[in-house]
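Contents: one structure, followed by commentary.
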Amino acid sequence: MFGKGIGLALALWPLLTLCTACDKDVRQFTGTYSSKTSGLLTLRKTSTAGLGADTLTVSLSPESGQMRISEIKDDKDGYNLLVSVNLLGGDALSFRAKAKDGKISLETTPHERFVQARDGNSSSSSNQMTLSVTTSGSGQLYDDVIVFALDYQGGGTYNRGDYVIMESRVDCIATANE
């Protein structure tokens, strides 16, 4: 009887080790962070109406806020984290995420949000545009900092022309709060 118990324990050992590793992946990300997001977008004009170039490179107005990463239990799609972001003076966002081997992958969000962008020609407010975007991305953990590379998809109107995002070079730096 005792020998069968040891055999069963040895047979289940790899599964127990795997679950422990999964918990470690999740725990290393959980907590609260201060975050800042900035970057560049390349836009392509999709309409012939309006003023402006066929392509534009725009700078995102930097966004700062607080981020909380919490564990999700028993998510049917295999997501094990919830990332919630409260932007100062702006949106509240949430993403389901997966963590593994010091990396975190954000699910593409089904909601849209609006970001402010400035074209490279001027810093005046008359050259600002509002873009409707869907966000996804991934991050790498470095000690107490997560560096996210975000992917923005969507578009908007500028100088009466319609534009779509061709390329997204957006970073979010999240530093763990003490």
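FYI, nothing fancy with the structure tokens labels: chains A, B, ... in order, residues from 1 per chain, ligands from 1 as they appear.
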
Next item on the list: Using DSSP on the backbone, list every residue of region 31-132 of chain A that comes out as strand (DSSP E or B), and give them as number ranges by chain.
Entry: A: 31-45, 55-60, 63-71, 81-87, 92-100, 103-106, 113-119, 128-132

Next item on the list: Excluding Arg113 (chain A) and any residue of its chain fewer than 3 positions from it, enumerate the residues within 7 Å of it, using only C-alpha atoms, and give them as JSON, numbers by chain.
Entry: {"A": [132, 133, 134]}

Check: So how far away is CA of Ser168 (chain A) from CA of Leu150 (chain A), in Å?
Finding: 7.5 Å

Margin query: Which residues are close to region 62-79 of chain A, i.e. within 8 Å by only C-alpha atoms, leaving aside same-chain residues fewer than 2 positions away? Reply as a PyMOL selection string.
Written below: chain A and resi 26-27+29-39+60+81-88+96-98+174

Preceding selection exported with N, CA, C and O atoms as a compact mmCIF listing (two decimals), in the first residue's frame:
# COMPACT_ATOMS: atom_id res chain seq x y z
N VAL A 26 2.75 33.95 -12.42
CA VAL A 26 1.70 34.91 -12.09
C VAL A 26 2.16 35.83 -10.95
O VAL A 26 2.04 37.05 -11.04
N ARG A 27 2.69 35.25 -9.89
CA ARG A 27 3.05 36.04 -8.70
C ARG A 27 4.11 37.09 -8.98
O ARG A 27 4.11 38.16 -8.37
N PHE A 29 4.37 39.06 -11.37
CA PHE A 29 3.78 40.25 -11.98
C PHE A 29 2.77 40.96 -11.09
O PHE A 29 2.53 42.15 -11.27
N THR A 30 2.14 40.26 -10.16
CA THR A 30 1.05 40.87 -9.39
C THR A 30 1.57 42.02 -8.53
O THR A 30 2.69 41.98 -8.03
N GLY A 31 0.74 43.05 -8.40
CA GLY A 31 1.09 44.21 -7.59
C GLY A 31 0.61 45.50 -8.23
O GLY A 31 -0.14 45.49 -9.21
N THR A 32 1.06 46.62 -7.67
CA THR A 32 0.69 47.93 -8.20
C THR A 32 1.93 48.61 -8.79
O THR A 32 3.04 48.44 -8.29
N TYR A 33 1.69 49.36 -9.84
CA TYR A 33 2.78 49.99 -10.59
C TYR A 33 2.39 51.42 -10.95
O TYR A 33 1.21 51.74 -11.11
N SER A 34 3.37 52.28 -11.11
CA SER A 34 3.19 53.58 -11.74
C SER A 34 3.62 53.41 -13.19
O SER A 34 4.65 52.79 -13.47
N SER A 35 2.82 53.95 -14.12
CA SER A 35 3.11 53.69 -15.53
C SER A 35 3.14 54.98 -16.34
O SER A 35 2.51 55.98 -15.97
N LYS A 36 3.88 54.94 -17.43
CA LYS A 36 3.94 56.04 -18.38
C LYS A 36 4.00 55.44 -19.78
O LYS A 36 4.78 54.52 -20.03
N THR A 37 3.17 55.98 -20.68
CA THR A 37 3.09 55.48 -22.05
C THR A 37 3.40 56.62 -23.02
O THR A 37 2.91 57.74 -22.84
N SER A 38 4.20 56.33 -24.03
CA SER A 38 4.49 57.30 -25.09
C SER A 38 4.92 56.54 -26.33
O SER A 38 5.18 55.34 -26.28
N GLY A 39 5.00 57.25 -27.45
CA GLY A 39 5.46 56.59 -28.66
C GLY A 39 5.07 57.33 -29.93
O GLY A 39 4.60 58.47 -29.89
N LEU A 60 2.52 60.47 -29.82
CA LEU A 60 1.45 60.38 -28.84
C LEU A 60 1.73 61.32 -27.67
O LEU A 60 2.88 61.43 -27.24
N LEU A 81 -4.01 36.64 -15.57
CA LEU A 81 -3.83 37.96 -14.96
C LEU A 81 -4.86 38.95 -15.49
O LEU A 81 -5.31 38.84 -16.63
N LEU A 82 -5.18 39.92 -14.65
CA LEU A 82 -5.99 41.07 -15.06
C LEU A 82 -5.13 42.30 -14.85
O LEU A 82 -4.63 42.54 -13.74
N VAL A 83 -4.92 43.07 -15.91
CA VAL A 83 -4.16 44.32 -15.85
C VAL A 83 -5.17 45.46 -15.93
O VAL A 83 -5.87 45.60 -16.93
N SER A 84 -5.26 46.26 -14.86
CA SER A 84 -6.16 47.42 -14.88
C SER A 84 -5.30 48.68 -14.79
O SER A 84 -4.35 48.74 -14.03
N VAL A 85 -5.66 49.66 -15.60
CA VAL A 85 -4.90 50.91 -15.69
C VAL A 85 -5.85 52.07 -15.49
O VAL A 85 -6.91 52.13 -16.12
N ASN A 86 -5.48 52.99 -14.61
CA ASN A 86 -6.23 54.21 -14.39
C ASN A 86 -5.33 55.36 -14.80
O ASN A 86 -4.39 55.71 -14.10
N LEU A 87 -5.61 55.93 -15.99
CA LEU A 87 -4.79 57.03 -16.51
C LEU A 87 -5.17 58.33 -15.82
O LEU A 87 -6.36 58.62 -15.62
N LEU A 88 -4.17 59.12 -15.44
CA LEU A 88 -4.42 60.40 -14.79
C LEU A 88 -5.20 61.30 -15.75
O LEU A 88 -4.75 61.56 -16.87
N ARG A 96 -7.10 41.35 -20.05
CA ARG A 96 -6.72 40.05 -19.54
C ARG A 96 -5.33 39.78 -20.11
O ARG A 96 -4.98 40.27 -21.18
N ALA A 97 -4.54 39.02 -19.37
CA ALA A 97 -3.16 38.77 -19.80
C ALA A 97 -2.73 37.37 -19.42
O ALA A 97 -3.33 36.73 -18.54
N LYS A 98 -1.68 36.90 -20.09
CA LYS A 98 -1.05 35.62 -19.78
C LYS A 98 0.40 35.89 -19.41
O LYS A 98 1.07 36.67 -20.07
N ALA A 174 6.22 50.38 -16.70
CA ALA A 174 5.50 50.24 -15.44
C ALA A 174 6.51 49.89 -14.34
O ALA A 174 7.19 48.85 -14.41

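We find CA of Ala149 (chain A) and CA of Asp54 (chain A) to be spaced 26.0 Å apart.
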